[in-house]
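Below is coords_35.csv, which holds CSV, C-alpha atoms.
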chain,number,residue,atom,x,y,z
A,842,MET,CA,-2.9,0.8,61.5
A,843,GLN,CA,-0.9,2.8,58.9
A,844,HIS,CA,-0.3,6.6,59.1
A,845,ILE,CA,-2.2,8.9,56.6
A,846,SER,CA,-0.3,9.0,53.4
A,847,GLY,CA,0.5,12.2,51.6
A,848,THR,CA,0.9,12.9,47.9
A,849,SER,CA,4.2,12.0,46.5
A,850,ARG,CA,6.5,15.0,45.7
A,851,GLN,CA,7.3,13.4,42.3
A,852,GLN,CA,3.6,13.1,41.4
A,853,LEU,CA,2.9,15.2,38.3
A,854,GLN,CA,-0.2,17.4,38.6
A,855,ILE,CA,-2.0,19.6,36.2
A,856,SER,CA,-3.6,22.6,37.9
A,857,SER,CA,-3.6,26.5,37.8
A,858,LEU,CA,-3.4,29.2,40.4
A,859,GLU,CA,-7.1,29.9,39.9
A,860,ASP,CA,-8.0,26.4,41.1
A,861,LYS,CA,-6.1,27.0,44.4
A,862,ILE,CA,-8.1,30.1,45.4
A,863,ALA,CA,-11.6,29.6,46.8
A,864,SER,CA,-14.4,31.8,45.3
A,865,ASP,CA,-15.1,33.5,48.6
A,866,ASN,CA,-11.4,34.3,49.4
A,867,PRO,CA,-11.0,38.0,50.4
A,868,ILE,CA,-8.1,38.5,48.0
A,869,ARG,CA,-10.7,38.3,45.1
A,870,PHE,CA,-12.2,41.5,46.5
A,871,ILE,CA,-8.7,43.2,46.6
A,872,GLU,CA,-8.3,42.2,42.9
A,873,ALA,CA,-11.7,43.6,41.9
A,874,PHE,CA,-11.4,46.7,44.0
A,875,VAL,CA,-8.0,47.7,42.7
A,876,GLU,CA,-8.8,46.9,39.1
A,877,HIS,CA,-11.9,49.2,39.2
A,878,ILE,CA,-10.4,52.4,40.6
A,879,SER,CA,-8.4,55.1,38.9
A,880,LEU,CA,-5.0,55.6,40.6
A,881,GLU,CA,-4.4,58.8,38.7
A,882,ALA,CA,-7.6,60.3,40.1
A,883,LEU,CA,-6.6,59.4,43.6
A,884,GLY,CA,-3.2,61.0,43.3
A,885,PHE,CA,-1.0,58.0,43.1
A,886,THR,CA,2.3,58.2,41.2
A,887,VAL,CA,1.7,56.0,38.2
A,888,GLN,CA,4.5,54.3,36.3
A,889,THR,CA,4.3,55.2,32.6
A,890,ILE,CA,5.1,52.6,29.9
A,891,LYS,CA,8.4,53.3,28.1
A,892,SER,CA,9.5,52.1,24.7
A,893,GLU,CA,13.1,51.4,25.8
A,894,GLY,CA,14.8,49.9,28.8
A,895,ARG,CA,13.6,47.4,31.3
A,896,PRO,CA,9.8,47.3,31.7
A,897,SER,CA,8.5,48.7,35.0
A,898,PHE,CA,6.0,47.2,37.4
A,899,ASP,CA,2.4,48.3,37.2
A,900,THR,CA,1.6,50.6,40.1
A,901,LYS,CA,-1.6,48.6,40.8
A,902,LEU,CA,0.7,45.6,41.6
A,903,PHE,CA,2.1,47.5,44.6
A,904,LEU,CA,-1.3,48.6,45.8
A,905,LYS,CA,-2.5,45.0,45.8
A,906,ILE,CA,0.6,44.1,47.9
A,907,TYR,CA,-0.1,47.0,50.3
A,908,LEU,CA,-3.8,46.0,50.8
A,909,TYR,CA,-2.9,42.3,51.2
A,910,GLY,CA,-0.3,43.3,53.9
A,911,TYR,CA,-2.8,45.5,55.7
A,912,LEU,CA,-5.4,42.7,55.6
A,913,ASN,CA,-3.0,40.1,57.1
A,914,GLY,CA,-1.0,42.3,59.5
A,915,LEU,CA,2.2,42.4,57.4
A,916,ARG,CA,3.9,45.8,57.5
A,917,SER,CA,7.5,45.0,56.7
A,918,SER,CA,8.4,45.3,53.0
A,919,ARG,CA,11.0,42.5,53.4
A,920,LYS,CA,8.4,40.2,54.8
A,921,LEU,CA,6.0,41.1,52.0
A,922,GLU,CA,8.8,40.3,49.5
A,923,LYS,CA,9.2,36.8,51.0
A,924,GLU,CA,5.5,36.3,50.9
A,925,CYS,CA,5.4,37.0,47.2
A,926,PHE,CA,7.6,33.9,46.6
A,927,HIS,CA,5.9,31.3,48.8
A,928,ASN,CA,2.4,32.6,49.5
A,929,ILE,CA,-0.1,31.0,47.1
A,930,GLU,CA,-2.6,33.8,47.6
A,931,LEU,CA,-0.1,36.5,46.7
A,932,GLN,CA,1.1,34.5,43.7
A,933,TRP,CA,-2.5,34.5,42.5
A,934,LEU,CA,-3.1,38.1,43.2
A,935,LEU,CA,0.2,39.2,41.5
A,936,GLU,CA,0.1,36.6,38.8
A,937,ALA,CA,3.5,35.2,40.1
A,938,ILE,CA,5.3,38.6,39.9
A,939,CYS,CA,7.7,39.1,42.8
A,940,PRO,CA,9.0,42.7,43.2
A,941,ASN,CA,11.8,43.4,45.6
A,942,TYR,CA,11.3,44.9,49.1
A,943,HIS,CA,12.9,48.2,48.0
A,944,SER,CA,10.2,48.8,45.3
A,945,ILE,CA,7.5,47.9,47.8
A,946,SER,CA,8.9,50.3,50.4
A,947,ASP,CA,9.2,53.1,47.8
A,948,PHE,CA,5.6,52.8,46.8
A,949,ARG,CA,4.5,53.5,50.3
A,950,LYS,CA,6.9,56.4,50.8
A,951,GLN,CA,5.9,58.0,47.5
A,952,ASN,CA,2.1,57.8,47.8
A,953,PRO,CA,1.0,58.9,51.3
A,954,ALA,CA,-1.7,61.3,49.9
A,955,GLY,CA,-3.0,58.6,47.4
A,956,LEU,CA,-3.3,56.1,50.2
A,957,ARG,CA,-5.2,58.5,52.4
A,958,LYS,CA,-7.7,59.2,49.6
A,959,LEU,CA,-8.0,55.5,48.9
A,960,PHE,CA,-9.0,55.0,52.6
A,961,LYS,CA,-11.8,57.6,52.2
A,962,LEU,CA,-13.0,56.0,49.0
A,963,PHE,CA,-13.1,52.6,50.8
A,964,VAL,CA,-15.1,54.2,53.7
A,965,SER,CA,-17.6,55.5,51.1
A,966,PHE,CA,-17.9,52.0,49.6
A,967,LEU,CA,-18.6,50.6,53.1
A,968,LYS,CA,-21.4,53.2,53.5
A,969,ASP,CA,-22.9,52.5,50.1
A,970,ALA,CA,-22.8,48.7,50.9
A,971,ASP,CA,-24.7,49.5,54.2
A,972,LEU,CA,-21.9,48.1,56.3
A,973,VAL,CA,-21.6,51.4,58.2
A,974,ALA,CA,-24.5,53.0,60.0
A,975,GLY,CA,-23.0,56.4,60.7
A,976,GLU,CA,-25.1,56.8,63.9
A,977,THR,CA,-22.8,56.0,66.8
A,978,ILE,CA,-19.0,56.2,66.4
A,979,ALA,CA,-16.4,55.4,69.1
A,980,ILE,CA,-13.2,57.4,69.2
A,981,ASP,CA,-10.0,56.5,70.9
A,982,GLY,CA,-6.2,56.8,70.6
A,983,ALA,CA,-3.3,54.3,70.9
A,984,LYS,CA,0.3,55.3,71.6
A,985,SER,CA,2.8,53.8,69.2
A,986,ARG,CA,6.4,54.0,70.4
A,987,ALA,CA,8.8,55.6,68.0
A,988,HIS,CA,12.4,54.5,67.2
A,989,ASN,CA,13.5,57.9,68.6
A,990,SER,CA,15.1,57.5,72.0
A,991,LYS,CA,14.5,60.0,74.9
A,992,LYS,CA,18.1,61.2,74.4
A,993,ALA,CA,17.3,62.2,70.9
A,994,ASN,CA,14.3,64.3,71.9
A,995,PHE,CA,15.0,68.0,72.9
A,996,ASN,CA,13.1,70.9,74.3
A,997,GLN,CA,14.5,74.4,75.2
A,998,LYS,CA,15.0,73.5,78.9
A,999,LYS,CA,17.0,70.4,77.9
A,1000,ILE,CA,19.1,72.3,75.4
A,1001,ASP,CA,19.9,75.0,77.9
A,1002,LYS,CA,20.9,72.4,80.4
A,1003,HIS,CA,23.4,70.8,77.9
A,1004,LEU,CA,24.8,74.2,77.0
A,1005,ALA,CA,25.3,75.2,80.6
A,1006,TYR,CA,27.1,71.9,81.3
A,1007,ILE,CA,29.4,72.5,78.3
A,1008,GLU,CA,30.1,76.0,79.4
A,1009,GLU,CA,30.9,74.8,83.0
A,1010,ARG,CA,33.1,71.9,81.8
A,1011,THR,CA,35.0,74.1,79.3
A,1012,GLN,CA,35.8,76.7,82.0
A,1013,GLU,CA,37.1,73.8,84.3
A,1014,TYR,CA,39.3,72.5,81.5
A,1015,LEU,CA,40.7,76.0,80.7
A,1016,THR,CA,41.6,76.5,84.4
A,1017,GLU,CA,43.2,73.0,84.4
A,1018,LEU,CA,45.0,74.0,81.2
A,1019,GLU,CA,46.6,77.1,82.7
A,1020,THR,CA,47.7,75.0,85.7
A,1021,ASN,CA,49.4,72.4,83.5
A,1022,ASP,CA,51.0,75.1,81.3
A,1023,VAL,CA,53.0,76.2,84.4
A,1024,LYS,CA,54.0,72.6,85.2
A,1025,ASP,CA,54.9,72.0,81.5
A,1026,ASN,CA,53.0,68.7,81.4
A,1027,THR,CA,52.7,68.2,77.6
A,1028,VAL,CA,50.8,64.9,77.6
A,1029,THR,CA,48.0,66.2,80.0
A,1030,VAL,CA,47.8,69.5,78.1
A,1031,THR,CA,47.1,67.6,74.8
A,1032,LYS,CA,44.4,65.5,76.4
A,1033,ILE,CA,42.7,68.6,77.9
A,1034,GLN,CA,42.8,70.4,74.5
A,1035,GLU,CA,41.1,67.4,72.8
A,1036,LYS,CA,38.4,67.5,75.4
A,1037,ILE,CA,37.8,71.2,74.9
A,1038,ALA,CA,37.7,70.7,71.1
A,1039,ARG,CA,35.0,67.9,71.7
A,1040,LEU,CA,33.0,70.3,73.9
A,1041,LYS,CA,33.1,73.0,71.2
A,1042,LYS,CA,31.8,70.5,68.7
A,1043,ASN,CA,29.0,69.5,71.0
A,1044,LYS,CA,28.1,73.2,71.7
A,1045,ILE,CA,27.8,73.8,67.9
A,1046,ARG,CA,25.4,70.8,67.7
A,1047,TYR,CA,23.2,72.0,70.5
A,1048,GLU,CA,23.1,75.6,69.2
A,1049,PHE,CA,22.0,74.2,65.8
A,1050,LEU,CA,19.2,72.2,67.6
A,1051,GLU,CA,18.2,75.4,69.4
A,1052,GLU,CA,17.8,77.2,66.1
A,1053,LYS,CA,15.9,74.3,64.6
A,1054,LEU,CA,13.6,74.2,67.6
A,1055,LYS,CA,12.8,78.0,67.3
A,1056,ALA,CA,12.3,77.7,63.6
A,1057,SER,CA,9.8,74.8,64.0
A,1058,GLY,CA,7.6,76.7,66.4
A,1059,GLU,CA,7.1,73.5,68.4
A,1060,PRO,CA,7.9,73.0,72.1
A,1061,GLN,CA,10.1,70.0,71.3
A,1062,ILE,CA,11.9,68.2,68.4
A,1063,SER,CA,13.1,64.7,67.8
A,1064,THR,CA,16.2,64.0,65.7
A,1065,THR,CA,15.6,60.4,64.6
A,1066,ASP,CA,11.8,60.3,64.0
A,1067,SER,CA,11.2,64.0,63.4
A,1068,ASP,CA,7.4,63.7,63.8
A,1069,SER,CA,7.5,61.8,67.2
A,1070,ARG,CA,7.0,63.6,70.5
A,1071,ALA,CA,7.4,62.9,74.2
A,1072,LEU,CA,3.9,61.8,75.3
A,1073,LEU,CA,2.4,60.8,78.6
A,1074,VAL,CA,1.7,57.1,78.0
A,1075,GLN,CA,0.4,56.0,81.4
A,1076,GLY,CA,0.4,57.6,84.8
A,1077,VAL,CA,3.7,59.5,84.9
A,1078,VAL,CA,5.4,57.3,82.2
A,1079,VAL,CA,6.7,59.4,79.3
A,1080,GLU,CA,7.7,57.8,76.0
A,1081,ILE,CA,8.8,59.2,72.6
A,1082,SER,CA,5.7,58.1,70.7
A,1083,TYR,CA,3.0,58.7,68.0
A,1084,ASN,CA,-0.6,58.9,68.9
A,1085,VAL,CA,-2.8,56.9,66.5
A,1086,GLN,CA,-6.4,58.2,66.5
A,1087,ALA,CA,-9.2,56.0,65.2
A,1088,ALA,CA,-13.0,56.4,64.8
A,1089,VAL,CA,-15.0,53.1,64.7
A,1090,ASP,CA,-18.6,52.7,63.6
A,1091,ASN,CA,-20.6,50.6,66.0
A,1092,LYS,CA,-22.6,48.5,63.4
A,1093,HIS,CA,-19.7,46.2,62.3
A,1094,ASN,CA,-16.8,47.8,64.3
A,1095,LEU,CA,-15.3,49.1,61.0
A,1096,VAL,CA,-12.8,52.0,61.1
A,1097,VAL,CA,-14.2,55.1,59.4
A,1098,ALA,CA,-11.4,57.6,60.2
A,1099,THR,CA,-7.8,57.4,61.3
A,1100,HIS,CA,-4.7,59.6,61.5
A,1101,THR,CA,-1.5,59.9,63.5
A,1102,ILE,CA,-0.7,62.9,65.7
A,1103,ASN,CA,2.1,64.0,68.0
A,1104,ARG,CA,0.0,65.3,70.9
A,1105,ASN,CA,-2.1,63.7,73.6
A,1106,ASP,CA,-5.8,62.8,73.4
A,1107,ARG,CA,-6.8,66.0,75.4
A,1108,ASN,CA,-6.1,68.1,72.2
A,1109,ALA,CA,-7.2,65.6,69.6
A,1110,LEU,CA,-11.0,65.2,69.7
A,1111,ALA,CA,-12.1,67.8,67.1
A,1112,ALA,CA,-9.8,66.7,64.3
A,1113,ILE,CA,-10.7,63.0,64.3
A,1114,ALA,CA,-14.4,63.6,65.0
A,1115,ILE,CA,-14.7,66.0,62.1
A,1116,GLU,CA,-12.7,63.7,59.8
A,1117,ALA,CA,-15.2,60.9,60.6
A,1118,LYS,CA,-18.1,63.3,59.8
A,1119,GLU,CA,-16.6,64.3,56.5
A,1120,ASN,CA,-15.6,60.8,55.4
A,1121,LEU,CA,-19.2,59.5,55.9
A,1122,GLU,CA,-20.8,62.8,54.7
A,1123,LEU,CA,-23.0,63.0,57.8
A,1124,GLU,CA,-24.9,65.9,59.2
A,1125,THR,CA,-24.9,64.6,62.8
A,1126,TYR,CA,-23.9,61.5,64.8
A,1127,THR,CA,-23.2,60.5,68.4
A,1128,ALA,CA,-19.5,60.3,69.3
A,1129,LEU,CA,-18.4,58.1,72.3
A,1130,VAL,CA,-15.0,59.1,73.9
A,1131,ASP,CA,-13.4,58.6,77.3
A,1132,LYS,CA,-12.6,61.3,79.8
A,1133,GLY,CA,-9.1,61.7,78.4
A,1134,TYR,CA,-10.6,63.8,75.6
A,1135,HIS,CA,-12.4,66.2,77.9
A,1136,ASN,CA,-11.4,69.7,76.7
A,1137,GLY,CA,-13.8,72.6,76.4
A,1138,ARG,CA,-12.2,74.1,73.3
A,1139,GLU,CA,-12.3,70.8,71.4
A,1140,ILE,CA,-15.9,70.0,72.4
A,1141,THR,CA,-16.9,73.5,71.3
A,1142,GLU,CA,-15.2,73.0,67.9
A,1143,CYS,CA,-17.1,69.7,67.5

Go ahead and render the structure in this file as structure tokens.
Amino acid sequence: MQHISGTSRQQLQISSLEDKIASDNPIRFIEAFVEHISLEALGFTVQTIKSEGRPSFDTKLFLKIYLYGYLNGLRSSRKLEKECFHNIELQWLLEAICPNYHSISDFRKQNPAGLRKLFKLFVSFLKDADLVAGETIAIDGAKSRAHNSKKANFNQKKIDKHLAYIEERTQEYLTELETNDVKDNTVTVTKIQEKIARLKKNKIRYEFLEEKLKASGEPQISTTDSDSRALLVQGVVVEISYNVQAAVDNKHNLVVATHTINRNDRNALAAIAIEAKENLELETYTALVDKGYHNGREITEC
């Protein structure tokens, strides 16, 4: 028995991108949704048409890429760029236009407010389509580890500890310097002076961090991911993380509110619960949360 034969690569075919996309494919909804909204009204930075120079990409193009990536779990702008070249769905959606990863990344960085408003608009659409009941909503948080290491996270206690160590070591080196001056050991003296200079440089850095911490009014700061914080992840395990809050409607398990915070669930209930209420324009609903949210002040605000 022979193997199943494929189509020859040299076989000439006449077809279009339209023929390759099924009528019920979700990307057709992305196309219709983006084409029927006003990006200016939502606060997106829209590229204007110029009479000279290289033509720019339509802003709607990047929104389509963003929504396709969200739908398929693609977050990396570099991966999305690659998908534009070999993914038949994206070729249909973008009409075979392939922007580079830098332009895709810039769109996300330049339009955070517009994307938040777009999410609220989509939630309203789900409610109008009767896909959201708005009666019972479950709320929970998930810790997302930041790129910031523990060494690059500082509070006042940690800064004081570093400054005290620098002061102690500097005094030791100065004492050692006096001893070597008497012995006239030039090589050792030079090395000690270099160490003292390095300590002075580090002291200036920690003093700058101390000023920045006081100016922020926060109990801690991070130097790599400035919005991340040291959070209790599980038991006594502490990681530099973000806390992603989500509210999910029970009818079809659709997310109706979400935001990212830099504190634990204990102080997070009111903000996400009220956001869900406003997004769905509800008077009242039942919220389900675990005991990690138990806080009298937050419950009272709700």

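For the pair atom CA of Glu1052 of chain A and atom CA of Asn1105 of chain A, the interatomic distance is 25.2 Å.
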
Practice prompt. For each of A:Glu893, A:Glu859, A:Glu922, A:Glu1122, take the minimum atom-to-atom distance to Tyr907 of chain A, counting all atoms listed in the file, then give the residue where this is smallest.
Written response: A:Glu922

Worksheet entry | Radius query 7 Å about (9.2, 54.5, 71.7), atoms used: all atoms listed in the file, as a ChimeraX atom specification | /A:985-990,1080-1082

Item to complete: Could you give me, as an MDAnalysis selection string, the residues within 8 Å of segment 923-937 of chain A, counting only C-alpha atoms and dropping anything in the same chain fewer than 3 positions from it?
Response: chainID A and resid 858:859 861:862 868:869 872 902 905:906 909 919:920 940

Worksheet item: What does the distance between atom CA of Ala1128 of chain A and atom CA of Phe960 of chain A come to in Å, to one decimal place?
Response: 20.4 Å

Fill in: Tyr1126 of chain A surroundings by only C-alpha atoms, 9 Å radius, close-in-sequence under 4 positions cut, as a PyMOL selection string
chain A and resi 975-978+1118

Could those selected residues go to a file with C-alpha atoms, as a PDB file, keeping the file's coordinate frame?
ATOM      1  CA  GLY A 975     -23.000  56.400  60.700  1.00  0.00           C
ATOM      2  CA  GLU A 976     -25.100  56.800  63.900  1.00  0.00           C
ATOM      3  CA  THR A 977     -22.800  56.000  66.800  1.00  0.00           C
ATOM      4  CA  ILE A 978     -19.000  56.200  66.400  1.00  0.00           C
ATOM      5  CA  LYS A1118     -18.100  63.300  59.800  1.00  0.00           C
TER       6      LYS A1118
END

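Here atom CA of Thr1020 of chain A stands at a distance of 19.9 Å from atom CA of Ile1007 of chain A.
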